[in-house]
file model27.txt (compact mmCIF, C-alpha atoms)
# COMPACT_ATOMS: atom_id res chain seq x y z
CA MET A 1 136.28 -176.82 -102.04
CA SER A 2 133.19 -178.66 -103.27
CA GLN A 3 134.06 -181.52 -100.94
CA VAL A 4 134.10 -179.15 -97.97
CA ALA A 5 130.82 -177.58 -99.10
CA LEU A 6 129.16 -180.98 -99.39
CA LEU A 7 130.36 -182.11 -95.98
CA VAL A 8 129.26 -178.88 -94.30
CA PHE A 9 125.89 -179.15 -96.02
CA ARG A 10 125.40 -182.73 -94.86
CA GLU A 11 126.24 -181.92 -91.26
CA MET A 12 124.01 -178.84 -91.46
CA LEU A 13 121.01 -180.80 -92.65
CA GLU A 14 119.99 -182.21 -89.29
CA ILE A 15 120.49 -178.89 -87.54
CA VAL A 16 118.33 -176.97 -90.02
CA VAL A 17 115.57 -179.57 -90.05
CA VAL A 18 115.37 -179.46 -86.24
CA ALA A 19 115.50 -175.65 -86.24
CA ALA A 20 112.93 -175.18 -89.03
CA LEU A 21 110.38 -177.59 -87.55
CA MET A 22 110.82 -176.31 -83.99
CA LEU A 23 110.40 -172.71 -85.20
CA ALA A 24 107.26 -173.72 -87.09
CA ALA A 25 105.90 -175.54 -84.05
CA THR A 26 106.42 -172.55 -81.77
CA ARG A 27 104.60 -170.13 -84.06
CA GLY A 28 103.02 -167.39 -82.00
CA VAL A 29 105.54 -167.68 -79.20
CA PRO A 30 107.01 -164.21 -78.74
CA GLY A 31 110.74 -163.77 -79.16
CA ARG A 32 111.28 -167.19 -80.71
CA PHE A 33 113.72 -165.95 -83.34
CA LEU A 34 115.80 -164.24 -80.68
CA TRP A 35 115.86 -167.45 -78.66
CA ALA A 36 116.68 -169.50 -81.74
CA ALA A 37 119.63 -167.16 -82.30
CA LEU A 38 120.69 -167.54 -78.67
CA GLY A 39 120.50 -171.32 -79.03
CA THR A 40 122.58 -171.12 -82.20
CA GLY A 41 125.22 -169.05 -80.43
CA ALA A 42 125.38 -171.38 -77.44
CA GLY A 43 125.63 -174.43 -79.71
CA LEU A 44 128.42 -172.88 -81.79
CA ALA A 45 130.35 -171.91 -78.67
CA GLY A 46 129.97 -175.40 -77.22
CA ALA A 47 131.00 -177.14 -80.45
CA GLY A 48 133.99 -174.82 -80.77
CA ILE A 49 135.14 -175.55 -77.22
CA ILE A 50 134.81 -179.32 -77.71
CA ALA A 51 136.71 -179.14 -81.01
CA LEU A 52 139.50 -177.04 -79.45
CA PHE A 53 140.07 -179.60 -76.74
CA ALA A 54 139.58 -182.51 -79.13
CA GLU A 55 143.23 -183.49 -79.11
CA ARG A 56 143.25 -183.70 -75.32
CA LEU A 57 139.95 -185.54 -75.32
CA ALA A 58 141.23 -187.91 -77.99
CA ASP A 59 141.90 -190.79 -75.64
CA ALA A 60 138.49 -190.53 -74.05
CA MET A 61 136.99 -190.28 -77.51
CA ALA A 62 138.73 -193.39 -78.78
CA GLY A 63 136.57 -195.37 -76.39
CA SER A 64 132.82 -195.31 -76.40
CA GLY A 65 132.68 -191.83 -74.80
CA GLN A 66 131.87 -190.30 -78.16
CA ASP A 67 129.07 -192.79 -78.77
CA ILE A 68 127.51 -192.06 -75.41
CA PHE A 69 127.80 -188.32 -76.05
CA GLN A 70 126.07 -188.75 -79.43
CA ALA A 71 123.31 -190.93 -78.03
CA SER A 72 122.65 -188.57 -75.10
CA VAL A 73 122.43 -185.56 -77.39
CA LEU A 74 120.07 -187.39 -79.74
CA LEU A 75 117.82 -188.56 -76.90
CA ALA A 76 117.85 -185.06 -75.40
CA THR A 77 116.66 -183.69 -78.74
CA VAL A 78 113.85 -186.25 -78.81
CA VAL A 79 112.74 -185.22 -75.31
CA LEU A 80 112.82 -181.53 -76.26
CA VAL A 81 110.78 -182.19 -79.41
CA ALA A 82 108.19 -184.24 -77.51
CA TRP A 83 108.03 -181.67 -74.73
CA THR A 84 107.51 -178.81 -77.20
CA ILE A 85 104.75 -180.71 -78.98
CA ALA A 86 103.01 -181.49 -75.70
CA TRP A 87 103.31 -177.89 -74.56
CA MET A 88 102.08 -176.40 -77.81
CA ARG A 89 99.12 -178.76 -77.89
CA THR A 90 98.01 -177.56 -74.48
CA HIS A 91 98.86 -173.89 -74.73
CA GLY A 92 98.77 -173.23 -78.46
CA ARG A 93 95.13 -172.20 -78.40
CA GLN A 94 95.72 -170.01 -75.41
CA ILE A 95 98.45 -168.17 -77.26
CA ALA A 96 96.29 -167.75 -80.35
CA ALA A 97 93.34 -166.52 -78.29
CA GLN A 98 95.44 -163.96 -76.46
CA ALA A 99 97.30 -162.81 -79.55
CA ARG A 100 96.49 -159.18 -78.86
CA ASP A 101 97.28 -159.28 -75.19
CA THR A 102 101.06 -159.15 -75.42
CA ALA A 103 101.79 -159.33 -71.72
CA ARG A 104 99.72 -162.46 -71.26
CA ARG A 105 101.15 -163.98 -74.42
CA ILE A 106 104.64 -163.57 -73.04
CA ALA A 107 103.57 -165.06 -69.73
CA ALA A 108 102.04 -168.04 -71.51
CA GLY A 109 104.77 -168.50 -74.05
CA THR A 110 108.04 -168.60 -72.17
CA ALA A 111 108.53 -172.36 -71.85
CA PRO A 112 108.71 -173.35 -75.53
CA ARG A 113 111.29 -170.73 -76.41
CA TYR A 114 113.72 -172.24 -73.94
CA LEU A 115 112.97 -175.66 -75.43
CA LEU A 116 113.48 -174.25 -78.92
CA ALA A 117 116.79 -172.66 -77.99
CA THR A 118 118.03 -175.81 -76.24
CA ALA A 119 117.02 -178.09 -79.12
CA ILE A 120 118.91 -175.95 -81.61
CA ALA A 121 121.91 -175.68 -79.29
CA VAL A 122 122.24 -179.46 -78.75
CA SER A 123 121.79 -180.17 -82.46
CA ILE A 124 124.62 -177.78 -83.27
CA LEU A 125 126.68 -179.27 -80.45
CA ARG A 126 126.40 -182.72 -82.02
CA ASP A 127 126.90 -182.04 -85.71
CA GLY A 128 128.90 -178.87 -85.19
CA THR A 129 131.52 -180.73 -83.17
CA GLU A 130 132.12 -183.10 -86.07
CA LEU A 131 132.30 -180.19 -88.46
CA ALA A 132 134.69 -178.25 -86.24
CA LEU A 133 136.95 -181.30 -85.89
CA PHE A 134 137.05 -181.68 -89.65
CA LEU A 135 137.78 -178.01 -90.25
CA VAL A 136 140.47 -177.79 -87.58
CA GLY A 137 142.10 -180.96 -88.94
CA ALA A 138 141.92 -179.90 -92.56
CA GLY A 139 143.17 -176.44 -91.73
CA MET A 140 146.12 -177.65 -89.65
CA ALA A 141 147.22 -180.17 -92.26
CA GLY A 142 147.12 -177.49 -94.93
CA GLN A 143 145.15 -179.96 -96.99
CA ILE A 144 142.93 -177.30 -98.46
CA GLY A 145 143.86 -173.63 -98.73
CA THR A 146 142.22 -171.24 -96.32
CA ALA A 147 140.33 -169.53 -99.13
CA GLY A 148 138.97 -172.82 -100.43
CA LEU A 149 138.05 -173.88 -96.92
CA LEU A 150 136.19 -170.67 -96.21
CA ALA A 151 134.43 -170.70 -99.57
CA GLY A 152 133.36 -174.31 -99.16
CA PHE A 153 132.20 -173.59 -95.64
CA ALA A 154 130.16 -170.58 -96.77
CA ILE A 155 128.55 -172.49 -99.63
CA GLY A 156 127.68 -175.41 -97.35
CA ILE A 157 126.18 -173.14 -94.70
CA ALA A 158 124.22 -171.21 -97.31
CA GLY A 159 122.88 -174.43 -98.81
CA GLY A 160 121.87 -175.73 -95.40
CA VAL A 161 120.15 -172.49 -94.42
CA ALA A 162 118.35 -172.43 -97.78
CA VAL A 163 116.94 -175.93 -97.15
CA GLY A 164 115.87 -174.86 -93.66
CA VAL A 165 114.12 -171.71 -94.93
CA LEU A 166 112.38 -173.69 -97.69
CA LEU A 167 111.22 -176.32 -95.22
CA TYR A 168 110.00 -173.68 -92.77
CA ARG A 169 108.18 -171.69 -95.47
CA GLY A 170 106.78 -174.86 -97.00
CA VAL A 171 105.38 -176.15 -93.73
CA MET A 172 103.93 -172.77 -92.85
CA ALA A 173 102.36 -172.25 -96.29
CA ALA A 174 101.14 -175.79 -96.85
CA SER A 175 98.60 -175.78 -94.08
CA LEU A 176 97.67 -172.34 -92.86
CA GLY A 177 95.52 -172.61 -89.79
CA ARG A 178 96.20 -176.28 -89.41
CA VAL A 179 99.92 -175.72 -89.42
CA PHE A 180 100.37 -177.28 -86.01
CA ASN A 181 99.06 -180.63 -87.23
CA ALA A 182 101.55 -180.80 -90.08
CA VAL A 183 104.42 -179.68 -87.88
CA ALA A 184 103.49 -182.09 -85.11
CA ALA A 185 103.43 -184.98 -87.59
CA LEU A 186 106.79 -184.02 -89.09
CA LEU A 187 108.34 -183.55 -85.66
CA ALA A 188 107.02 -186.98 -84.63
CA PHE A 189 108.84 -188.59 -87.58
CA LEU A 190 111.96 -186.54 -86.88
CA GLY A 191 111.91 -187.56 -83.21
CA ALA A 192 111.33 -191.21 -84.10
CA GLY A 193 114.30 -191.18 -86.45
CA LEU A 194 116.56 -189.53 -83.86
CA ALA A 195 115.46 -192.02 -81.20
CA ALA A 196 116.15 -194.96 -83.52
CA GLN A 197 119.62 -193.57 -84.26
CA ALA A 198 120.39 -193.14 -80.57
CA ILE A 199 119.15 -196.64 -79.76
CA GLY A 200 121.32 -198.06 -82.56
CA THR A 201 124.36 -196.47 -80.93
CA LEU A 202 123.41 -197.79 -77.49
CA CYS A 203 122.93 -201.29 -78.92
CA ASN A 204 126.40 -201.10 -80.38
CA ALA A 205 127.86 -200.01 -77.07
CA GLY A 206 126.35 -203.19 -75.66
CA TRP A 207 123.76 -201.46 -73.49
CA LEU A 208 120.78 -202.92 -75.30
CA PRO A 209 120.21 -206.07 -77.36
CA SER A 210 119.79 -205.22 -81.03
CA GLY A 211 117.42 -208.07 -81.88
CA LEU A 212 117.19 -209.11 -85.50
CA ASP A 213 119.74 -207.03 -87.38
CA PRO A 214 119.16 -205.94 -90.05
CA VAL A 215 115.43 -206.47 -90.41
CA TRP A 216 115.70 -205.38 -94.03
CA ASP A 217 118.54 -204.26 -96.24
CA THR A 218 117.85 -201.55 -98.79
CA GLU A 219 121.33 -200.03 -98.71
CA ASP A 220 121.92 -201.04 -102.34
CA ILE A 221 118.56 -199.66 -103.50
CA LEU A 222 118.47 -196.37 -101.57
CA SER A 223 121.70 -195.79 -99.70
CA GLN A 224 121.27 -194.05 -96.38
CA ASN A 225 124.53 -192.33 -97.17
CA GLY A 226 123.40 -190.97 -100.55
CA GLU A 227 121.96 -187.47 -100.79
CA LEU A 228 118.31 -188.54 -101.02
CA GLY A 229 118.73 -191.31 -98.46
CA ARG A 230 120.41 -188.90 -96.07
CA PHE A 231 117.65 -186.33 -96.45
CA LEU A 232 114.94 -188.95 -95.87
CA HIS A 233 116.94 -190.27 -92.92
CA THR A 234 117.10 -186.83 -91.36
CA LEU A 235 113.51 -185.80 -92.00
CA LEU A 236 111.62 -189.07 -91.61
CA GLY A 237 114.19 -191.38 -90.03
CA TYR A 238 114.71 -193.60 -93.08
CA MET A 239 117.05 -196.49 -92.25
CA SER A 240 118.53 -198.81 -94.86
CA GLN A 241 119.67 -201.49 -92.39
CA PRO A 242 117.64 -201.09 -89.19
CA SER A 243 117.76 -203.49 -86.29
CA MET A 244 114.62 -204.74 -84.58
CA THR A 245 115.33 -202.67 -81.47
CA GLN A 246 115.69 -199.56 -83.62
CA LEU A 247 112.34 -200.24 -85.28
CA VAL A 248 110.67 -200.70 -81.90
CA ALA A 249 112.21 -197.43 -80.68
CA TYR A 250 111.07 -195.70 -83.87
CA ALA A 251 107.49 -196.96 -83.57
CA ALA A 252 107.23 -196.20 -79.85
CA THR A 253 108.56 -192.64 -80.24
CA LEU A 254 106.36 -192.00 -83.26
CA ALA A 255 103.28 -193.21 -81.38
CA LEU A 256 104.14 -191.19 -78.28
CA VAL A 257 104.83 -187.90 -80.06
CA LEU A 258 101.82 -188.29 -82.36
CA TRP A 259 99.68 -188.88 -79.31
CA LEU A 260 101.14 -185.82 -77.57
CA GLY A 261 100.48 -183.75 -80.68
CA PHE A 262 96.97 -184.91 -81.47
CA ARG A 263 95.46 -185.72 -78.09
CA ARG A 264 92.56 -183.60 -76.96
CA PRO A 265 93.94 -180.67 -75.02
CA PRO A 266 93.07 -180.86 -71.34
CA ALA A 267 89.78 -179.06 -70.70
CA VAL A 268 91.36 -176.47 -68.41
CA ALA A 269 93.70 -175.20 -71.06
CA ALA A 270 91.05 -175.17 -73.77
CA ARG A 271 88.48 -173.25 -71.74
CA ARG A 272 90.46 -170.52 -70.11
CA MET B 1 89.11 -190.77 -69.68
CA ARG B 2 89.88 -190.67 -73.35
CA ASN B 3 93.47 -189.79 -72.60
CA VAL B 4 93.80 -192.68 -70.19
CA ARG B 5 92.50 -195.08 -72.82
CA LEU B 6 94.94 -193.70 -75.37
CA VAL B 7 97.86 -194.02 -72.99
CA LEU B 8 96.86 -197.60 -72.26
CA ARG B 9 96.57 -198.35 -75.95
CA THR B 10 100.01 -196.88 -76.63
CA PHE B 11 101.54 -198.89 -73.84
CA GLY B 12 99.79 -202.00 -75.13
CA ALA B 13 101.28 -201.44 -78.57
CA VAL B 14 104.73 -200.98 -77.09
CA LEU B 15 104.35 -204.16 -75.03
CA VAL B 16 103.28 -206.18 -78.06
CA ALA B 17 106.22 -204.80 -80.01
CA ALA B 18 108.59 -205.62 -77.18
CA GLY B 19 107.29 -209.20 -76.99
CA TRP B 20 107.66 -209.61 -80.72
CA PHE B 21 111.16 -208.25 -80.51
CA ALA B 22 112.08 -210.59 -77.64
CA MET B 23 110.85 -213.54 -79.67
CA LEU B 24 112.89 -212.53 -82.68
CA ALA B 25 115.93 -211.81 -80.57
CA ASN B 26 115.73 -215.37 -79.28
CA ALA B 27 115.75 -216.77 -82.78
CA ILE B 28 119.11 -215.22 -83.56
CA PRO B 29 122.20 -217.38 -83.32
CA THR B 30 124.37 -216.16 -80.49
CA ALA B 31 128.12 -216.21 -80.36
CA ARG B 32 129.80 -219.39 -79.31
CA ALA B 33 130.84 -218.93 -75.74
CA ASP B 34 134.36 -220.27 -76.14
CA GLU B 35 135.36 -217.74 -78.77
CA GLY B 36 136.41 -214.19 -78.07
CA PRO B 37 135.79 -211.42 -80.57
CA PHE B 38 137.36 -211.78 -84.00
CA GLU B 39 139.90 -208.97 -84.27
CA VAL B 40 140.29 -206.94 -87.40
CA ARG B 41 142.86 -204.19 -87.87
CA ILE B 42 142.21 -201.38 -90.32
CA THR B 43 144.57 -198.50 -91.04
CA ILE B 44 143.55 -195.20 -92.57
CA ARG B 45 146.40 -193.86 -94.71
CA ASP B 46 146.18 -191.12 -97.35
CA HIS B 47 142.42 -191.13 -96.73
CA ARG B 48 142.06 -194.76 -97.79
CA PHE B 49 141.38 -197.88 -95.79
CA GLU B 50 144.01 -200.61 -95.67
CA PRO B 51 142.63 -203.18 -96.24
CA ALA B 52 139.48 -201.86 -97.88
CA THR B 53 137.73 -205.23 -97.92
CA ILE B 54 137.61 -207.30 -94.76
CA GLU B 55 136.40 -210.89 -94.62
CA VAL B 56 134.99 -211.89 -91.26
CA PRO B 57 133.34 -215.05 -89.92
CA ALA B 58 129.60 -215.07 -89.34
CA ASN B 59 127.98 -215.31 -85.89
CA ARG B 60 131.04 -214.12 -84.03
CA PRO B 61 131.48 -210.78 -82.31
CA LEU B 62 134.05 -208.57 -84.00
CA LYS B 63 136.50 -206.07 -82.71
CA LEU B 64 137.47 -203.48 -85.29
CA ILE B 65 140.71 -201.72 -84.40
CA VAL B 66 140.93 -198.68 -86.62
CA THR B 67 144.15 -196.68 -86.67
CA ASN B 68 144.15 -193.29 -88.30
CA ALA B 69 147.69 -192.94 -89.63
CA ASP B 70 146.86 -189.62 -91.30
CA PRO B 71 147.51 -186.30 -89.54
CA THR B 72 143.90 -185.25 -90.19
CA PRO B 73 140.86 -186.52 -88.29
CA GLU B 74 138.52 -188.96 -89.97
CA GLU B 75 134.96 -189.88 -89.17
CA PHE B 76 134.65 -193.65 -89.31
CA GLU B 77 131.07 -194.41 -90.22
CA SER B 78 129.02 -197.42 -91.16
CA VAL B 79 125.27 -197.32 -91.65
CA GLY B 80 124.80 -201.08 -91.34
CA LEU B 81 127.14 -201.52 -88.39
CA LYS B 82 125.70 -198.38 -86.71
CA ILE B 83 129.10 -196.85 -86.16
CA GLU B 84 129.79 -193.13 -86.34
CA ARG B 85 132.83 -191.80 -84.58
CA VAL B 86 135.54 -189.25 -85.25
CA ILE B 87 139.09 -190.60 -84.96
CA PRO B 88 141.63 -187.79 -84.52
CA GLY B 89 144.84 -187.89 -86.58
CA GLY B 90 147.33 -190.48 -85.35
CA LYS B 91 144.87 -192.11 -82.95
CA THR B 92 143.36 -195.56 -82.75
CA ALA B 93 139.76 -196.43 -81.97
CA GLU B 94 138.18 -199.76 -81.18
CA PHE B 95 134.68 -200.83 -82.12
CA LEU B 96 132.88 -203.88 -80.86
CA VAL B 97 130.46 -205.31 -83.37
CA LYS B 98 127.71 -207.79 -82.60
CA PRO B 99 127.79 -211.20 -84.33
CA LEU B 100 126.75 -210.73 -87.94
CA ARG B 101 124.60 -212.98 -90.06
CA PRO B 102 126.36 -214.86 -92.89
CA ASN B 103 126.55 -213.78 -96.52
CA ARG B 104 126.13 -210.07 -95.98
CA ASN B 105 128.11 -206.99 -96.82
CA TYR B 106 128.41 -203.93 -94.64
CA LYS B 107 129.91 -200.82 -96.18
CA PHE B 108 131.95 -198.41 -94.13
CA PHE B 109 133.46 -195.09 -95.08
CA GLY B 110 135.35 -192.07 -93.88
CA GLU B 111 132.86 -189.27 -93.93
CA PHE B 112 135.54 -186.56 -94.01
CA HIS B 113 137.07 -187.99 -97.18
CA ALA B 114 134.23 -190.02 -98.61
CA LYS B 115 135.61 -189.87 -102.16
CA THR B 116 138.52 -192.18 -101.34
CA ALA B 117 137.83 -193.63 -97.90
CA GLN B 118 135.46 -196.49 -98.76
CA GLY B 119 135.53 -200.04 -97.48
CA GLU B 120 133.41 -203.09 -96.85
CA VAL B 121 133.03 -205.85 -94.31
CA VAL B 122 132.20 -209.14 -96.03
CA VAL B 123 130.64 -211.76 -93.76
CA LYS B 124 131.51 -215.25 -94.97
CA ALA B 125 129.05 -218.14 -95.17
CA ASP B 126 128.42 -219.85 -91.85
CA GLY B 127 131.00 -222.50 -91.05
CA ASP B 128 133.81 -220.89 -93.04
CA GLY B 129 135.05 -219.04 -90.03
CA LYS B 130 135.96 -222.10 -88.02

call {"tool": "encode", "arguments": {"input": "model27.txt", "output": "structure tokens"}}
result
Amino acid sequence: MSQVALLVFREMLEIVVVAALMLAATRGVPGRFLWAALGTGAGLAGAGIIALFAERLADAMAGSGQDIFQASVLLATVVLVAWTIAWMRTHGRQIAAQARDTARRIAAGTAPRYLLATAIAVSILRDGTELALFLVGAGMAGQIGTAGLLAGFAIGIAGGVAVGVLLYRGVMAASLGRVFNAVAALLAFLGAGLAAQAIGTLCNAGWLPSGLDPVWDTEDILSQNGELGRFLHTLLGYMSQPSMTQLVAYAATLALVLWLGFRRPPAVAARR
Amino acid sequence: MRNVRLVLRTFGAVLVAAGWFAMLANAIPTARADEGPFEVRITIRDHRFEPATIEVPANRPLKLIVTNADPTPEEFESVGLKIERVIPGGKTAEFLVKPLRPNRNYKFFGEFHAKTAQGEVVVKADGDGK
């Protein structure tokens, strides 16, 4: 049971970090919790469908299809994060200024809630598929009793949600008023880490040269697979054995998203 | 104006990084052309890897052929080798790995049964593999 709980928690981590930071970034956007819920539902449905057809997809998945799926989902998340940051930087002030004018707020704030919903949905699609495959497999093999499976699942989900709520509350409380800056910085690190992970997969598939690999090796000091290493990997993109190409991707994404988040908003958006 | 300068600066940084990377990539020994990938077969049985320790030559591409002999799926994952893929029960997956530098260890594990499914790729000193 504890093994199931731990696995569920680990797969949940990335989803909740993405969800918590995106929710924090879209503060002031009306209906964001509803859209987050819609994204969650869509992601769960998608992951469930993929897992159900997993046996039939098995041959395709034995090749590099799975890698390409993973890399595409990761890169899509990076784009959604960057897009949200760019949008909020331009329109965030507008939303704040028109806080009392609900109709105009809704008109101004529709784009990021779609981005939010999509980001959550694709995150769940990626990690949820793995989780669903594990659960279907474990259930079919009768490896763990149904009760134990359900209990472990519930504990893992609860733990993941708790981390997400803490992160969300923490980010919101830590910097009232300047919350966007903190969220933008965290999202930049998250995006950089996701980009580096995707690039690592593409290098392996032979689509990109990996350069010097690894540039450093801290796996024995702080394992990327340990609990702390995994958390740092998810939140900040910590890598214990990164390749040069991954580091370049990390730095480029970090620079781009930070720039999007901290650039001066275009004059038009700031004035009106 | 300010934005344009910032964009240029970002692109400059990326270009410098790319150049640096290209230089380093050049310094890495490449695989000998006459040798195909070094094949390694790994079987997952009772949520353990057989064999759990694999010795491979340095500077040669590898092909890991992983067969999951268990009825349950397993996620074959390696941080150092940048592999993360679910292998359904009874299926086989192949992974191509770039030439590795000598005298290094790369751990791999089965995420779905991480307590027992642990293994390691040991890259021998250069020259041993010939």

call {"tool": "closest_residue", "arguments": {"input": "model27.txt", "among": "A:Met244, A:Val215, A:Ala47, A:Met88", "to": "Arg263 in chain A", "atoms": "only C-alpha atoms"}}
result
A:Met88

call {"tool": "interface_residues", "arguments": {"input": "model27.txt", "of": "chain A", "to": "chain B", "cutoff": "6 Å", "atoms": "only C-alpha atoms", "output": "ChimeraX atom specification"}}
result
/A:62,137,211-212,241

call {"tool": "closest_residue", "arguments": {"input": "model27.txt", "among": "A:Phe231, A:Phe153, A:Phe33, A:Trp216", "to": "Gln3 in chain A", "atoms": "all atoms listed in the file"}}
result
A:Phe153

call {"tool": "atom_distance", "arguments": {"input": "model27.txt", "atom1": "CA of Ile15 in chain A", "atom2": "CA of Ser243 in chain A"}}
result
24.8 Å

call {"tool": "residues_around", "arguments": {"input": "model27.txt", "residues": "Phe9 in chain A", "least_positions_apart": "3", "cutoff": "8 Å", "atoms": "only C-alpha atoms", "output": "VMD selection string"}}
result
chain A and resid 5 to 6 12 to 13 156 to 157 159 to 160

call {"tool": "residues_around", "arguments": {"input": "model27.txt", "residues": "Leu232 in chain A", "least_positions_apart": "6", "cutoff": "12 Å", "atoms": "only C-alpha atoms", "output": "short mmCIF file (atom, residue, chain, number, x, y, z; two decimals) with C-alpha atoms, in the coordinates of the input"}}
result
data_model
loop_
_atom_site.label_atom_id
_atom_site.label_comp_id
_atom_site.auth_asym_id
_atom_site.auth_seq_id
_atom_site.Cartn_x
_atom_site.Cartn_y
_atom_site.Cartn_z
CA LEU A 13 121.01 -180.80 -92.65
CA GLU A 14 119.99 -182.21 -89.29
CA VAL A 17 115.57 -179.57 -90.05
CA LEU A 186 106.79 -184.02 -89.09
CA PHE A 189 108.84 -188.59 -87.58
CA LEU A 190 111.96 -186.54 -86.88
CA GLY A 193 114.30 -191.18 -86.45
CA LEU A 222 118.47 -196.37 -101.57
CA SER A 223 121.70 -195.79 -99.70
CA GLN A 224 121.27 -194.05 -96.38
CA ASN A 225 124.53 -192.33 -97.17
CA GLY A 226 123.40 -190.97 -100.55
CA TYR A 238 114.71 -193.60 -93.08
CA MET A 239 117.05 -196.49 -92.25
CA SER A 240 118.53 -198.81 -94.86
#

call {"tool": "closest_residue", "arguments": {"input": "model27.txt", "among": "B:Pro51, B:Pro102, B:Pro61, B:Gly119", "to": "Phe38 in chain B", "atoms": "only C-alpha atoms"}}
result
B:Pro61

call {"tool": "atom_distance", "arguments": {"input": "model27.txt", "atom1": "CA of Val56 in chain B", "atom2": "CA of His233 in chain A"}}
result
28.2 Å

call {"tool": "build_atoms", "arguments": {"input": "model27.txt", "residues": "range 59-76 of chain B", "atoms": "N, CA and C atoms", "output": "PDB file, in the frame of the given file"}}
result
ATOM      1  N   ASN B  59     128.409-214.910 -87.236  1.00  0.00           N
ATOM      2  CA  ASN B  59     127.980-215.310 -85.890  1.00  0.00           C
ATOM      3  C   ASN B  59     129.067-215.222 -84.833  1.00  0.00           C
ATOM      4  N   ARG B  60     130.000-214.340 -85.034  1.00  0.00           N
ATOM      5  CA  ARG B  60     131.040-214.120 -84.030  1.00  0.00           C
ATOM      6  C   ARG B  60     131.159-212.636 -83.786  1.00  0.00           C
ATOM      7  N   PRO B  61     131.291-212.221 -82.518  1.00  0.00           N
ATOM      8  CA  PRO B  61     131.480-210.780 -82.310  1.00  0.00           C
ATOM      9  C   PRO B  61     132.803-210.338 -82.932  1.00  0.00           C
ATOM     10  N   LEU B  62     132.841-209.102 -83.364  1.00  0.00           N
ATOM     11  CA  LEU B  62     134.050-208.570 -84.000  1.00  0.00           C
ATOM     12  C   LEU B  62     134.598-207.431 -83.166  1.00  0.00           C
ATOM     13  N   LYS B  63     135.896-207.270 -83.273  1.00  0.00           N
ATOM     14  CA  LYS B  63     136.500-206.070 -82.710  1.00  0.00           C
ATOM     15  C   LYS B  63     137.274-205.383 -83.831  1.00  0.00           C
ATOM     16  N   LEU B  64     136.787-204.230 -84.246  1.00  0.00           N
ATOM     17  CA  LEU B  64     137.470-203.480 -85.290  1.00  0.00           C
ATOM     18  C   LEU B  64     138.429-202.506 -84.615  1.00  0.00           C
ATOM     19  N   ILE B  65     139.705-202.634 -84.950  1.00  0.00           N
ATOM     20  CA  ILE B  65     140.710-201.720 -84.400  1.00  0.00           C
ATOM     21  C   ILE B  65     141.148-200.822 -85.537  1.00  0.00           C
ATOM     22  N   VAL B  66     140.696-199.590 -85.496  1.00  0.00           N
ATOM     23  CA  VAL B  66     140.930-198.680 -86.620  1.00  0.00           C
ATOM     24  C   VAL B  66     141.973-197.649 -86.215  1.00  0.00           C
ATOM     25  N   THR B  67     143.084-197.641 -86.935  1.00  0.00           N
ATOM     26  CA  THR B  67     144.150-196.680 -86.670  1.00  0.00           C
ATOM     27  C   THR B  67     144.139-195.615 -87.756  1.00  0.00           C
ATOM     28  N   ASN B  68     144.089-194.377 -87.334  1.00  0.00           N
ATOM     29  CA  ASN B  68     144.150-193.290 -88.300  1.00  0.00           C
ATOM     30  C   ASN B  68     145.599-192.818 -88.404  1.00  0.00           C
ATOM     31  N   ALA B  69     146.272-193.267 -89.466  1.00  0.00           N
ATOM     32  CA  ALA B  69     147.690-192.940 -89.630  1.00  0.00           C
ATOM     33  C   ALA B  69     147.868-191.573 -90.302  1.00  0.00           C
ATOM     34  N   ASP B  70     146.774-190.956 -90.701  1.00  0.00           N
ATOM     35  CA  ASP B  70     146.860-189.620 -91.300  1.00  0.00           C
ATOM     36  C   ASP B  70     146.953-188.561 -90.202  1.00  0.00           C
ATOM     37  N   PRO B  71     147.487-187.381 -90.553  1.00  0.00           N
ATOM     38  CA  PRO B  71     147.510-186.300 -89.540  1.00  0.00           C
ATOM     39  C   PRO B  71     146.131-185.667 -89.340  1.00  0.00           C
ATOM     40  N   THR B  72     145.225-185.890 -90.271  1.00  0.00           N
ATOM     41  CA  THR B  72     143.900-185.250 -90.190  1.00  0.00           C
ATOM     42  C   THR B  72     142.897-186.190 -89.529  1.00  0.00           C
ATOM     43  N   PRO B  73     141.895-185.643 -88.872  1.00  0.00           N
ATOM     44  CA  PRO B  73     140.860-186.520 -88.290  1.00  0.00           C
ATOM     45  C   PRO B  73     140.019-187.171 -89.378  1.00  0.00           C
ATOM     46  N   GLU B  74     139.417-188.275 -89.036  1.00  0.00           N
ATOM     47  CA  GLU B  74     138.520-188.960 -89.970  1.00  0.00           C
ATOM     48  C   GLU B  74     137.309-189.452 -89.195  1.00  0.00           C
ATOM     49  N   GLU B  75     136.145-189.335 -89.818  1.00  0.00           N
ATOM     50  CA  GLU B  75     134.960-189.880 -89.170  1.00  0.00           C
ATOM     51  C   GLU B  75     134.679-191.261 -89.734  1.00  0.00           C
ATOM     52  N   PHE B  76     134.883-192.272 -88.897  1.00  0.00           N
ATOM     53  CA  PHE B  76     134.650-193.650 -89.310  1.00  0.00           C
ATOM     54  C   PHE B  76     133.168-193.942 -89.154  1.00  0.00           C
TER      55      PHE B  76
END
